[in-house]
file coords-v7.txt (compact mmCIF, C-alpha atoms)
# COMPACT_ATOMS: atom_id res chain seq x y z
CA MET E 1 58.75 -18.51 26.80
CA LYS E 2 59.28 -19.73 23.26
CA ASN E 3 57.99 -16.47 21.79
CA PHE E 4 59.74 -14.20 24.29
CA ASN E 5 63.41 -13.32 24.04
CA PRO E 6 64.40 -10.59 26.51
CA ALA E 7 67.57 -9.69 24.62
CA ASP E 8 65.51 -8.86 21.53
CA ASN E 9 63.39 -6.47 23.60
CA ILE E 10 66.53 -4.73 24.86
CA GLN E 11 67.96 -4.53 21.34
CA ASP E 12 64.76 -3.00 19.98
CA LEU E 13 64.90 -0.08 22.41
CA GLN E 14 66.10 3.08 20.72
CA TYR E 15 66.53 6.39 22.50
CA PHE E 16 67.94 9.60 21.09
CA GLY E 17 69.89 12.07 23.17
CA GLU E 18 68.82 15.68 23.46
CA PHE E 19 71.14 16.66 20.61
CA GLY E 20 70.65 13.54 18.52
CA GLY E 21 73.22 11.42 20.37
CA VAL E 22 73.01 7.63 20.20
CA ASN E 23 72.99 7.61 24.01
CA PRO E 24 70.10 9.31 25.80
CA SER E 25 71.08 12.57 27.45
CA ILE E 26 71.73 12.39 31.19
CA SER E 27 69.43 14.58 33.23
CA ASP E 28 71.79 15.98 35.85
CA SER E 29 69.13 17.86 37.81
CA SER E 30 67.43 17.23 41.14
CA THR E 31 64.51 19.54 40.40
CA TYR E 32 62.68 20.71 37.27
CA THR E 33 61.08 23.97 36.23
CA PHE E 34 57.55 24.64 34.94
CA LEU E 35 56.13 27.31 32.64
CA SER E 36 52.87 27.36 34.57
CA ALA E 37 51.80 26.72 38.17
CA LYS E 38 48.94 24.51 36.99
CA THR E 39 51.34 22.15 35.23
CA MET E 40 53.35 21.85 38.45
CA PHE E 41 50.17 21.01 40.37
CA ASP E 42 49.10 18.43 37.80
CA THR E 43 52.55 16.84 37.81
CA PHE E 44 52.57 16.67 41.61
CA GLU E 45 49.22 14.90 41.48
CA GLY E 46 50.56 12.43 38.93
CA ASN E 47 48.31 13.66 36.13
CA MET E 48 50.89 15.01 33.69
CA GLU E 49 52.88 12.72 31.40
CA GLY E 50 56.31 13.86 30.23
CA CYS E 51 56.83 16.40 32.99
CA TYR E 52 59.24 16.05 35.89
CA LEU E 53 58.98 17.51 39.36
CA TYR E 54 61.78 16.22 41.55
CA SER E 55 64.30 13.44 40.97
CA ARG E 56 63.30 11.45 44.05
CA HIS E 57 60.04 10.84 42.22
CA SER E 58 61.41 10.31 38.73
CA SER E 59 63.92 11.62 36.23
CA PRO E 60 64.37 11.16 32.48
CA SER E 61 67.49 9.03 32.97
CA ASN E 62 65.78 6.70 35.44
CA LEU E 63 62.71 6.38 33.26
CA TYR E 64 64.87 5.29 30.31
CA LEU E 65 66.29 2.50 32.44
CA ASP E 66 62.85 1.68 33.85
CA LYS E 67 61.54 1.13 30.36
CA ALA E 68 64.49 -1.01 29.32
CA LEU E 69 64.28 -3.30 32.33
CA ALA E 70 60.52 -3.65 32.03
CA ALA E 71 61.03 -4.69 28.41
CA MET E 72 63.64 -7.21 29.52
CA GLU E 73 61.32 -8.80 32.07
CA GLY E 74 58.13 -8.45 30.04
CA THR E 75 56.27 -6.30 32.58
CA GLU E 76 54.26 -3.14 32.01
CA THR E 77 56.80 -0.91 33.71
CA ALA E 78 59.52 -0.78 36.35
CA ASN E 79 61.08 1.44 39.02
CA VAL E 80 64.84 1.59 39.57
CA SER E 81 66.34 2.19 42.98
CA ALA E 82 69.66 2.96 44.62
CA SER E 83 70.35 -0.67 45.60
CA GLY E 84 68.90 -4.15 45.42
CA MET E 85 67.66 -3.82 48.99
CA GLY E 86 66.25 -0.44 47.96
CA ALA E 87 64.00 -2.40 45.60
CA ILE E 88 63.18 -5.35 47.87
CA THR E 89 62.26 -3.50 51.04
CA PRO E 90 59.85 -0.89 49.62
CA THR E 91 58.20 -3.56 47.47
CA LEU E 92 57.43 -5.75 50.48
CA LEU E 93 56.40 -2.80 52.64
CA GLN E 94 54.04 -1.62 49.90
CA LEU E 95 52.39 -5.05 49.85
CA CYS E 96 52.25 -5.67 53.61
CA GLY E 97 51.29 -3.85 56.76
CA SER E 98 50.82 -4.60 60.43
CA GLY E 99 49.18 -7.98 60.95
CA ASP E 100 50.13 -9.34 57.53
CA HIS E 101 52.16 -12.47 56.82
CA ILE E 102 54.81 -13.43 54.25
CA VAL E 103 55.82 -16.92 53.17
CA SER E 104 59.43 -16.82 52.05
CA SER E 105 62.03 -19.22 50.80
CA ARG E 106 64.43 -20.18 53.58
CA THR E 107 67.45 -19.78 51.30
CA ILE E 108 67.60 -16.16 50.23
CA TYR E 109 70.15 -13.36 50.27
CA GLY E 110 71.25 -12.66 53.85
CA GLY E 111 70.16 -9.02 53.73
CA THR E 112 66.64 -9.99 52.68
CA TYR E 113 66.57 -12.67 55.37
CA ALA E 114 67.62 -10.15 58.02
CA PHE E 115 64.96 -7.68 56.84
CA LEU E 116 62.20 -10.28 57.09
CA LYS E 117 63.49 -11.95 60.26
CA ASN E 118 64.58 -8.95 62.31
CA PHE E 119 63.13 -5.73 60.91
CA THR E 120 59.59 -6.32 59.63
CA PRO E 121 58.41 -7.88 62.94
CA ARG E 122 58.91 -4.40 64.42
CA LEU E 123 56.19 -3.29 62.00
CA GLY E 124 53.88 -6.19 62.86
CA ILE E 125 54.71 -8.21 59.73
CA LYS E 126 55.51 -11.89 60.27
CA THR E 127 57.40 -14.22 57.94
CA THR E 128 57.49 -18.00 57.77
CA PHE E 129 60.58 -19.43 56.05
CA VAL E 130 60.04 -22.67 54.13
CA ASP E 131 61.73 -25.02 51.70
CA ILE E 132 60.47 -23.30 48.56
CA THR E 133 61.05 -26.43 46.46
CA LYS E 134 58.23 -28.24 48.32
CA LEU E 135 55.00 -26.77 47.01
CA ASP E 136 52.86 -28.71 49.48
CA VAL E 137 54.82 -27.20 52.38
CA VAL E 138 54.49 -23.73 50.86
CA GLU E 139 50.73 -24.02 50.53
CA ALA E 140 50.31 -25.50 54.00
CA THR E 141 52.07 -22.46 55.48
CA ILE E 142 49.62 -19.94 54.00
CA THR E 143 47.24 -18.32 56.50
CA PRO E 144 44.34 -15.88 56.07
CA GLU E 145 46.86 -13.11 56.88
CA THR E 146 49.32 -14.10 54.16
CA LYS E 147 49.80 -11.48 51.47
CA VAL E 148 53.06 -12.44 49.72
CA LEU E 149 55.00 -15.45 48.48
CA TYR E 150 58.67 -14.48 48.20
CA CYS E 151 61.49 -16.40 46.58
CA GLU E 152 64.59 -16.19 44.43
CA THR E 153 64.57 -17.90 41.04
CA VAL E 154 67.89 -19.51 41.95
CA SER E 155 68.51 -19.16 45.66
CA ASN E 156 71.47 -17.51 47.32
CA PRO E 157 73.68 -19.34 48.16
CA LEU E 158 72.46 -22.95 47.84
CA LEU E 159 71.28 -22.60 44.22
CA GLU E 160 67.89 -24.16 44.89
CA VAL E 161 65.45 -23.56 42.03
CA ALA E 162 61.96 -22.21 42.66
CA ASP E 163 59.11 -23.67 40.59
CA ILE E 164 57.77 -20.28 39.62
CA THR E 165 54.85 -21.66 37.60
CA GLY E 166 53.79 -23.87 40.51
CA LEU E 167 54.18 -21.04 43.02
CA ALA E 168 52.19 -18.71 40.74
CA LYS E 169 49.28 -21.15 40.75
CA ILE E 170 49.33 -21.27 44.54
CA ALA E 171 49.55 -17.47 44.74
CA LYS E 172 46.62 -17.02 42.40
CA LYS E 173 44.55 -19.63 44.26
CA HIS E 174 45.01 -17.79 47.57
CA ASN E 175 44.96 -14.24 46.13
CA LEU E 176 48.59 -13.57 47.01
CA LYS E 177 51.35 -11.66 45.23
CA LEU E 178 54.29 -13.74 44.03
CA VAL E 179 57.49 -11.68 44.31
CA VAL E 180 60.59 -13.18 42.67
CA ASP E 181 64.17 -11.96 43.02
CA ASN E 182 65.71 -12.82 39.63
CA THR E 183 69.19 -11.42 40.33
CA PHE E 184 71.00 -14.72 39.66
CA SER E 185 69.28 -15.43 36.36
CA PRO E 186 68.62 -12.38 34.14
CA LEU E 187 67.70 -13.31 30.55
CA SER E 188 67.93 -17.01 31.44
CA VAL E 189 64.57 -16.90 33.25
CA SER E 190 61.67 -14.49 32.78
CA PRO E 191 59.59 -14.94 35.96
CA ALA E 192 56.75 -12.64 34.87
CA LYS E 193 56.16 -14.90 31.87
CA LEU E 194 55.91 -17.84 34.28
CA GLY E 195 53.28 -16.14 36.44
CA ALA E 196 55.20 -13.96 38.90
CA ASP E 197 53.49 -10.68 39.80
CA ILE E 198 56.64 -8.73 40.65
CA VAL E 199 60.25 -9.30 39.58
CA ILE E 200 63.18 -7.75 41.44
CA HIS E 201 66.85 -7.45 40.53
CA SER E 202 69.94 -6.19 42.21
CA LEU E 203 71.33 -4.25 39.24
CA THR E 204 74.67 -4.30 41.07
CA LYS E 205 75.27 -7.84 39.85
CA TYR E 206 74.95 -9.25 36.31
CA ILE E 207 72.89 -6.47 34.76
CA ASN E 208 75.51 -3.81 35.40
CA GLY E 209 78.32 -6.35 35.34
CA SER E 210 81.31 -4.17 36.24
CA SER E 211 81.15 -4.07 40.06
CA ASP E 212 81.23 -0.27 40.10
CA THR E 213 77.58 0.57 40.76
CA VAL E 214 74.96 -0.34 43.34
CA GLY E 215 71.37 -0.41 42.08
CA GLY E 216 68.07 -2.25 42.06
CA VAL E 217 64.79 -2.49 40.19
CA THR E 218 61.20 -3.56 40.74
CA CYS E 219 59.45 -4.73 37.55
CA ALA E 220 55.68 -4.98 37.79
CA SER E 221 52.33 -3.68 36.60
CA GLN E 222 51.75 0.01 36.03
CA GLU E 223 49.27 -0.02 38.91
CA PHE E 224 51.78 -1.42 41.40
CA ILE E 225 54.65 0.85 40.31
CA ASP E 226 52.34 3.85 40.53
CA SER E 227 51.49 2.82 44.09
CA LEU E 228 55.21 2.56 44.95
CA LYS E 229 55.79 6.09 43.65
CA ASN E 230 52.66 7.70 45.10
CA VAL E 231 53.63 10.94 46.84
CA ASN E 232 51.29 10.29 49.76
CA SER E 233 51.59 6.55 50.38
CA GLY E 234 54.29 5.06 48.14
CA ALA E 235 57.08 3.20 49.93
CA SER E 236 59.67 4.02 47.27
CA MET E 237 58.69 7.69 47.24
CA LEU E 238 58.58 8.09 51.02
CA LEU E 239 61.60 5.97 51.94
CA GLY E 240 63.66 7.60 49.19
CA PRO E 241 65.90 4.85 47.71
CA THR E 242 66.41 6.90 44.55
CA MET E 243 68.95 5.94 41.91
CA ASP E 244 71.31 8.69 40.79
CA SER E 245 70.90 9.70 37.14
CA LEU E 246 74.58 9.25 36.34
CA ARG E 247 74.51 5.72 37.72
CA SER E 248 71.31 4.98 35.86
CA ALA E 249 72.93 6.01 32.58
CA SER E 250 75.94 3.80 33.39
CA VAL E 251 73.76 0.73 33.99
CA MET E 252 71.85 1.46 30.80
CA LYS E 253 75.04 1.24 28.75
CA ASN E 254 76.12 -2.03 30.36
CA LEU E 255 72.69 -3.58 29.90
CA ARG E 256 73.31 -3.67 26.15
CA THR E 257 76.00 -6.35 26.51
CA LEU E 258 74.16 -8.47 29.08
CA HIS E 259 73.19 -11.16 26.56
CA ILE E 260 76.81 -11.66 25.48
CA ARG E 261 78.06 -11.75 29.04
CA MET E 262 75.40 -14.16 30.32
CA LYS E 263 76.21 -16.66 27.58
CA GLN E 264 79.89 -16.63 28.54
CA HIS E 265 79.22 -16.75 32.28
CA SER E 266 76.96 -19.76 31.75
CA HIS E 267 79.36 -21.51 29.37
CA ASN E 268 82.26 -21.13 31.77
CA ALA E 269 80.28 -22.19 34.83
CA MET E 270 78.96 -25.30 33.08
CA TYR E 271 82.47 -26.24 31.98
CA LEU E 272 83.94 -25.93 35.47
CA ALA E 273 80.97 -27.61 37.17
CA GLU E 274 81.20 -30.66 34.91
CA ARG E 275 84.95 -30.96 35.39
CA PHE E 276 84.96 -30.56 39.17
CA GLU E 277 82.04 -32.95 39.62
CA LYS E 278 83.95 -35.51 37.55
CA ASP E 279 86.97 -34.91 39.82
CA GLY E 280 84.84 -35.95 42.78
CA LEU E 281 84.13 -32.60 44.40
CA LYS E 282 80.66 -31.93 45.79
CA THR E 283 79.50 -29.53 43.07
CA VAL E 284 76.15 -27.76 42.85
CA TYR E 285 75.14 -26.14 39.57
CA PRO E 286 71.65 -26.14 38.03
CA GLY E 287 73.09 -27.24 34.69
CA LEU E 288 74.30 -30.54 36.12
CA GLU E 289 72.01 -33.54 35.85
CA SER E 290 72.82 -34.24 39.50
CA HIS E 291 71.09 -31.02 40.56
CA PRO E 292 67.71 -32.00 42.09
CA SER E 293 65.88 -29.32 40.06
CA HIS E 294 67.82 -29.73 36.81
CA GLU E 295 64.85 -31.00 34.79
CA LEU E 296 62.55 -28.32 36.20
CA TYR E 297 65.06 -25.58 35.45
CA LYS E 298 65.42 -26.81 31.87
CA THR E 299 61.71 -26.07 31.37
CA MET E 300 62.09 -22.54 32.81
CA ILE E 301 65.12 -21.12 31.04
CA ASN E 302 65.67 -19.41 27.74
CA PRO E 303 68.16 -22.08 26.59
CA GLU E 304 70.57 -19.84 24.70
CA TYR E 305 71.54 -18.05 27.93
CA GLY E 306 72.27 -21.27 29.77
CA PHE E 307 72.06 -22.16 33.44
CA GLY E 308 73.79 -19.08 34.82
CA GLY E 309 77.18 -18.25 36.21
CA MET E 310 76.75 -19.31 39.86
CA MET E 311 78.30 -22.51 41.19
CA THR E 312 79.16 -23.90 44.61
CA LEU E 313 81.88 -26.32 45.71
CA ASP E 314 82.10 -27.91 49.16
CA VAL E 315 85.71 -28.41 50.25
CA GLY E 316 84.94 -29.75 53.72
CA THR E 317 85.87 -27.09 56.25
CA LEU E 318 85.87 -23.33 56.58
CA ALA E 319 89.62 -23.33 57.14
CA LYS E 320 90.16 -25.25 53.91
CA ALA E 321 87.73 -22.98 52.05
CA ASN E 322 89.54 -19.86 53.24
CA GLU E 323 92.93 -21.35 52.40
CA LEU E 324 91.81 -22.24 48.89
CA MET E 325 90.22 -18.86 48.22
CA GLU E 326 93.33 -17.03 49.39
CA LEU E 327 95.52 -19.17 47.14
CA MET E 328 93.26 -18.72 44.10
CA GLN E 329 93.31 -14.97 44.64
CA ALA E 330 97.11 -15.02 44.89
CA ARG E 331 97.23 -16.90 41.56
CA ASN E 332 95.07 -14.22 39.86
CA LEU E 333 92.15 -16.61 39.38
CA GLY E 334 89.70 -14.15 40.89
CA TYR E 335 88.89 -12.17 43.99
CA LEU E 336 87.91 -13.19 47.51
CA ALA E 337 84.92 -10.90 47.47
CA VAL E 338 81.16 -10.90 47.86
CA SER E 339 78.73 -10.03 45.06
CA LEU E 340 78.57 -11.52 41.57
CA GLY E 341 78.47 -10.79 37.87
CA PHE E 342 81.97 -9.30 37.56
CA TYR E 343 84.22 -10.11 34.60
CA LYS E 344 86.62 -11.85 37.00
CA THR E 345 85.55 -14.81 39.10
CA LEU E 346 84.46 -13.88 42.63
CA PHE E 347 84.40 -16.37 45.49
CA SER E 348 83.32 -16.29 49.12
CA ALA E 349 82.30 -18.59 51.94
CA PRO E 350 78.65 -17.54 52.29
CA GLY E 351 78.19 -18.89 55.82
CA THR E 352 80.55 -16.20 57.08
CA SER E 353 79.75 -13.50 54.53
CA THR E 354 76.64 -13.03 52.39
CA SER E 355 74.53 -15.39 54.54
CA SER E 356 76.09 -14.58 57.91
CA GLU E 357 72.82 -12.96 59.02
CA ILE E 358 71.24 -16.43 59.09
CA PRO E 359 71.72 -18.07 62.53
CA MET E 360 74.11 -21.03 62.58
CA GLU E 361 71.44 -23.55 63.53
CA GLU E 362 69.32 -22.47 60.58
CA GLN E 363 72.34 -22.63 58.25
CA ILE E 364 72.87 -26.22 59.34
CA GLU E 365 69.18 -27.07 58.88
CA MET E 366 69.13 -25.75 55.31
CA GLY E 367 72.39 -27.47 54.38
CA LEU E 368 74.70 -24.43 54.33
CA THR E 369 77.95 -26.08 55.35
CA ASP E 370 81.18 -24.52 56.63
CA GLY E 371 83.20 -25.67 53.65
CA LEU E 372 80.85 -24.27 50.99
CA ILE E 373 82.40 -21.82 48.53
CA ARG E 374 80.11 -19.77 46.30
CA PHE E 375 81.60 -18.94 42.92
CA SER E 376 80.47 -16.25 40.51
CA ILE E 377 82.30 -17.52 37.44
CA GLY E 378 83.87 -14.83 35.29
CA LEU E 379 84.23 -14.20 31.59
CA ASP E 380 87.54 -16.04 31.16
CA ASN E 381 88.38 -16.61 27.51
CA ASP E 382 90.26 -19.89 28.04
CA ILE E 383 88.21 -21.73 30.63
CA GLU E 384 90.29 -24.90 30.33
CA ARG E 385 93.32 -22.88 31.44
CA THR E 386 91.30 -21.57 34.38
CA TYR E 387 90.23 -25.09 35.32
CA GLN E 388 93.80 -26.39 35.29
CA MET E 389 95.00 -23.48 37.43
CA MET E 390 92.15 -23.92 39.93
CA LYS E 391 92.75 -27.65 40.11
CA LYS E 392 96.44 -27.09 40.75
CA CYS E 393 95.52 -24.92 43.74
CA MET E 394 93.21 -27.65 45.00
CA ILE E 395 95.88 -30.34 44.67
CA GLU E 396 98.41 -28.21 46.55
CA LEU E 397 95.97 -27.93 49.44
CA ASN E 398 94.80 -31.57 49.28
CA VAL E 399 91.26 -30.54 48.34
CA LEU E 400 91.86 -32.82 45.34
CA THR E 401 94.42 -35.57 45.09
CA SER E 402 96.96 -35.90 42.33
CA GLU E 403 95.28 -39.16 41.30
CA SER E 404 92.51 -37.12 39.67
CA VAL E 405 95.12 -35.65 37.33
CA LEU E 406 96.57 -39.06 36.45
CA MET E 407 93.12 -40.48 35.65
CA GLU E 408 92.54 -37.99 32.84
call {"tool": "encode", "arguments": {"input": "coords-v7.txt", "output": "structure tokens"}}
result
Amino acid sequence: MKNFNPADNIQDLQYFGEFGGVNPSISDSSTYTFLSAKTMFDTFEGNMEGCYLYSRHSSPSNLYLDKALAAMEGTETANVSASGMGAITPTLLQLCGSGDHIVSSRTIYGGTYAFLKNFTPRLGIKTTFVDITKLDVVEATITPETKVLYCETVSNPLLEVADITGLAKIAKKHNLKLVVDNTFSPLSVSPAKLGADIVIHSLTKYINGSSDTVGGVTCASQEFIDSLKNVNSGASMLLGPTMDSLRSASVMKNLRTLHIRMKQHSHNAMYLAERFEKDGLKTVYPGLESHPSHELYKTMINPEYGFGGMMTLDVGTLAKANELMELMQARNLGYLAVSLGFYKTLFSAPGTSTSSEIPMEEQIEMGLTDGLIRFSIGLDNDIERTYQMMKKCMIELNVLTSESVLME
């Protein structure tokens, strides 16, 4: 990781628009013309570079973004999609078929959990959910039918950290594919450099950063991406989760500021996590020494981008969590909303929102409590001001006592 800086790779990309513009021209076409029938045939068969057939397969705008995101993750190539789930589901379906088995982290995005728990069994694909932080448990769960190890670099919503290097060794030993969702930690962690075979992002979140676009990407080898886009057997081609060219161009522009934004998100989250932990709140943030995987995560990150912008606080009960979130929203501290990576802070109670697909008994088993609030910390310029305003809300609702103010 010392010799790999993803922001440098993004900066070094240089595309010229059709008329010499500093932004690449947007290809606003669903289909493309050919001067000869043979060229059309060759393109349809995948044997013609630089020619386009139909935008469900590829378009110039999407290929620009593909190249940029592959450079960011250090993979051979990439394939963008219309949503994060539009990247996750075809990837897993390309790797697995009837009779196959997946070992997945138990704490993952609720939509991914629902796909693996409720949908793929209809196709004969089974999944075992495990504590991904326990490598011995992961390996013990592998069967002869296992094809994939699946995890998130930093899990949603409990912020558990996956030992990607350790998981990669297990995957290689058993001839499995390690698929890592890196949505929570772009630039901070480069899973492919740690041994992951496939890296997925929801572009909706940090990479786009303005909460106005839904998108996803699968970053992997040329061979795997070609298989995803194969006109006869590719899951992405046949299921059709195609990203619109205008949206692709929009994400491309926002990607250029990702390094600046991630540094600020991380700085602000670290500041708030340290302060609230000192105030006595149950605070989970990978940058805190109290986080069980803090030392591991320090070895995984590109230090200049920090420990990310995601933080959780446990305020005891769902009623108290809802009350606090409503008050913080009323005070303009952020929005009671799902998702992450926006310039304003977003907060939600994941047990009843982004992880609601997970049955209650399983939420309890994994430690997802009623009073847990997941924060996506924003780009606030004066984070001390934000902290004081948030703390005032907490004191008003008796989440914190006034004694914590007097002690400072």
call {"tool": "closest_residue", "arguments": {"input": "coords-v7.txt", "among": "E:Leu116, E:Phe375, E:Gly84, E:Ser190", "to": "E:Asn3", "atoms": "all atoms listed in the file"}}
result
E:Ser190
call {"tool": "atom_distance", "arguments": {"input": "coords-v7.txt", "atom1": "atom CA of E:Ile142", "atom2": "atom CA of E:Val103"}}
result
6.9 Å
call {"tool": "closest_residue", "arguments": {"input": "coords-v7.txt", "among": "E:Thr128, E:Gly111, E:Met310, E:Leu158", "to": "E:Phe184", "atoms": "all atoms listed in the file"}}
result
E:Met310
call {"tool": "closest_residue", "arguments": {"input": "coords-v7.txt", "among": "E:Asp100, E:Asp226, E:Glu160, E:Asp66", "to": "E:Leu176", "atoms": "all atoms listed in the file"}}
result
E:Asp100
call {"tool": "closest_residue", "arguments": {"input": "coords-v7.txt", "among": "E:Ser81, E:Asn254, E:Ser58, E:Gln94", "to": "E:Ser233", "atoms": "only C-alpha atoms"}}
result
E:Gln94
call {"tool": "atom_distance", "arguments": {"input": "coords-v7.txt", "atom1": "atom CA of E:Leu65", "atom2": "atom CA of E:Ser202"}}
result
13.6 Å
call {"tool": "atom_distance", "arguments": {"input": "coords-v7.txt", "atom1": "atom CA of E:Ser211", "atom2": "atom CA of E:Ser83"}}
result
12.6 Å
call {"tool": "residues_around", "arguments": {"input": "coords-v7.txt", "residues": "E:Asp197", "least_positions_apart": "2", "cutoff": "9 Å", "atoms": "only C-alpha atoms", "output": "tab-separated table (two decimals) with C-alpha atoms, in the frame of the given file"}}
result
chain	number	residue	atom	x	y	z
E	75	THR	CA	56.27	-6.30	32.58
E	168	ALA	CA	52.19	-18.71	40.74
E	177	LYS	CA	51.35	-11.66	45.23
E	178	LEU	CA	54.29	-13.74	44.03
E	179	VAL	CA	57.49	-11.68	44.31
E	180	VAL	CA	60.59	-13.18	42.67
E	191	PRO	CA	59.59	-14.94	35.96
E	192	ALA	CA	56.75	-12.64	34.87
E	195	GLY	CA	53.28	-16.14	36.44
E	199	VAL	CA	60.25	-9.30	39.58
E	219	CYS	CA	59.45	-4.73	37.55
E	220	ALA	CA	55.68	-4.98	37.79
E	221	SER	CA	52.33	-3.68	36.60
call {"tool": "residues_around", "arguments": {"input": "coords-v7.txt", "residues": "E:Leu239", "least_positions_apart": "6", "cutoff": "10 Å", "atoms": "all atoms listed in the file", "output": "PyMOL selection string"}}
result
chain E and resi 56+86+89-90
call {"tool": "closest_residue", "arguments": {"input": "coords-v7.txt", "among": "E:Ala319, E:Leu327, E:Ile377, E:Ile207", "to": "E:Lys253", "atoms": "only C-alpha atoms"}}
result
E:Ile207
call {"tool": "closest_residue", "arguments": {"input": "coords-v7.txt", "among": "E:Thr401, E:Asn332, E:Asn230, E:Asn79", "to": "E:Met243", "atoms": "all atoms listed in the file"}}
result
E:Asn79
call {"tool": "residues_around", "arguments": {"input": "coords-v7.txt", "residues": "E:Ala349", "least_positions_apart": "5", "cutoff": "9 Å", "atoms": "only C-alpha atoms", "output": "list in words"}}
result
Leu318, Ala321, Asn322, Met325, Leu336, Val338, Thr354, Ser355, Asp370, Gly371, Leu372, Ile373 and Arg374 of chain E
call {"tool": "residues_around", "arguments": {"input": "coords-v7.txt", "residues": "E:Pro286", "least_positions_apart": "4", "cutoff": "9 Å", "atoms": "all atoms listed in the file", "output": "PyMOL selection string"}}
result
chain E and resi 154+159-161+270+290-295+297-298+307-308+310-311
call {"tool": "residues_around", "arguments": {"input": "coords-v7.txt", "residues": "stretch 186-189 of chain E", "least_positions_apart": "3", "cutoff": "8 Å", "atoms": "all atoms listed in the file", "output": "list of chain:residue names"}}
result
E:Asn5, E:Pro6, E:Ala7, E:Met72, E:Glu73, E:Thr153, E:Asn182, E:Thr183, E:Tyr206, E:Ile207, E:His259, E:Met262, E:Met300, E:Ile301, E:Asn302, E:Pro303, E:Glu304, E:Tyr305, E:Gly306, E:Phe307, E:Gly308
call {"tool": "axis_aligned_box", "arguments": {"input": "coords-v7.txt", "around": "stretch 276-295 of chain E", "padding_each_side": "5 Å", "output": "lines of an AutoDock Vina configuration file"}}
result
center_x = 75.9
center_y = -31.0
center_z = 40.2
size_x = 32.1
size_y = 19.8
size_z = 21.1
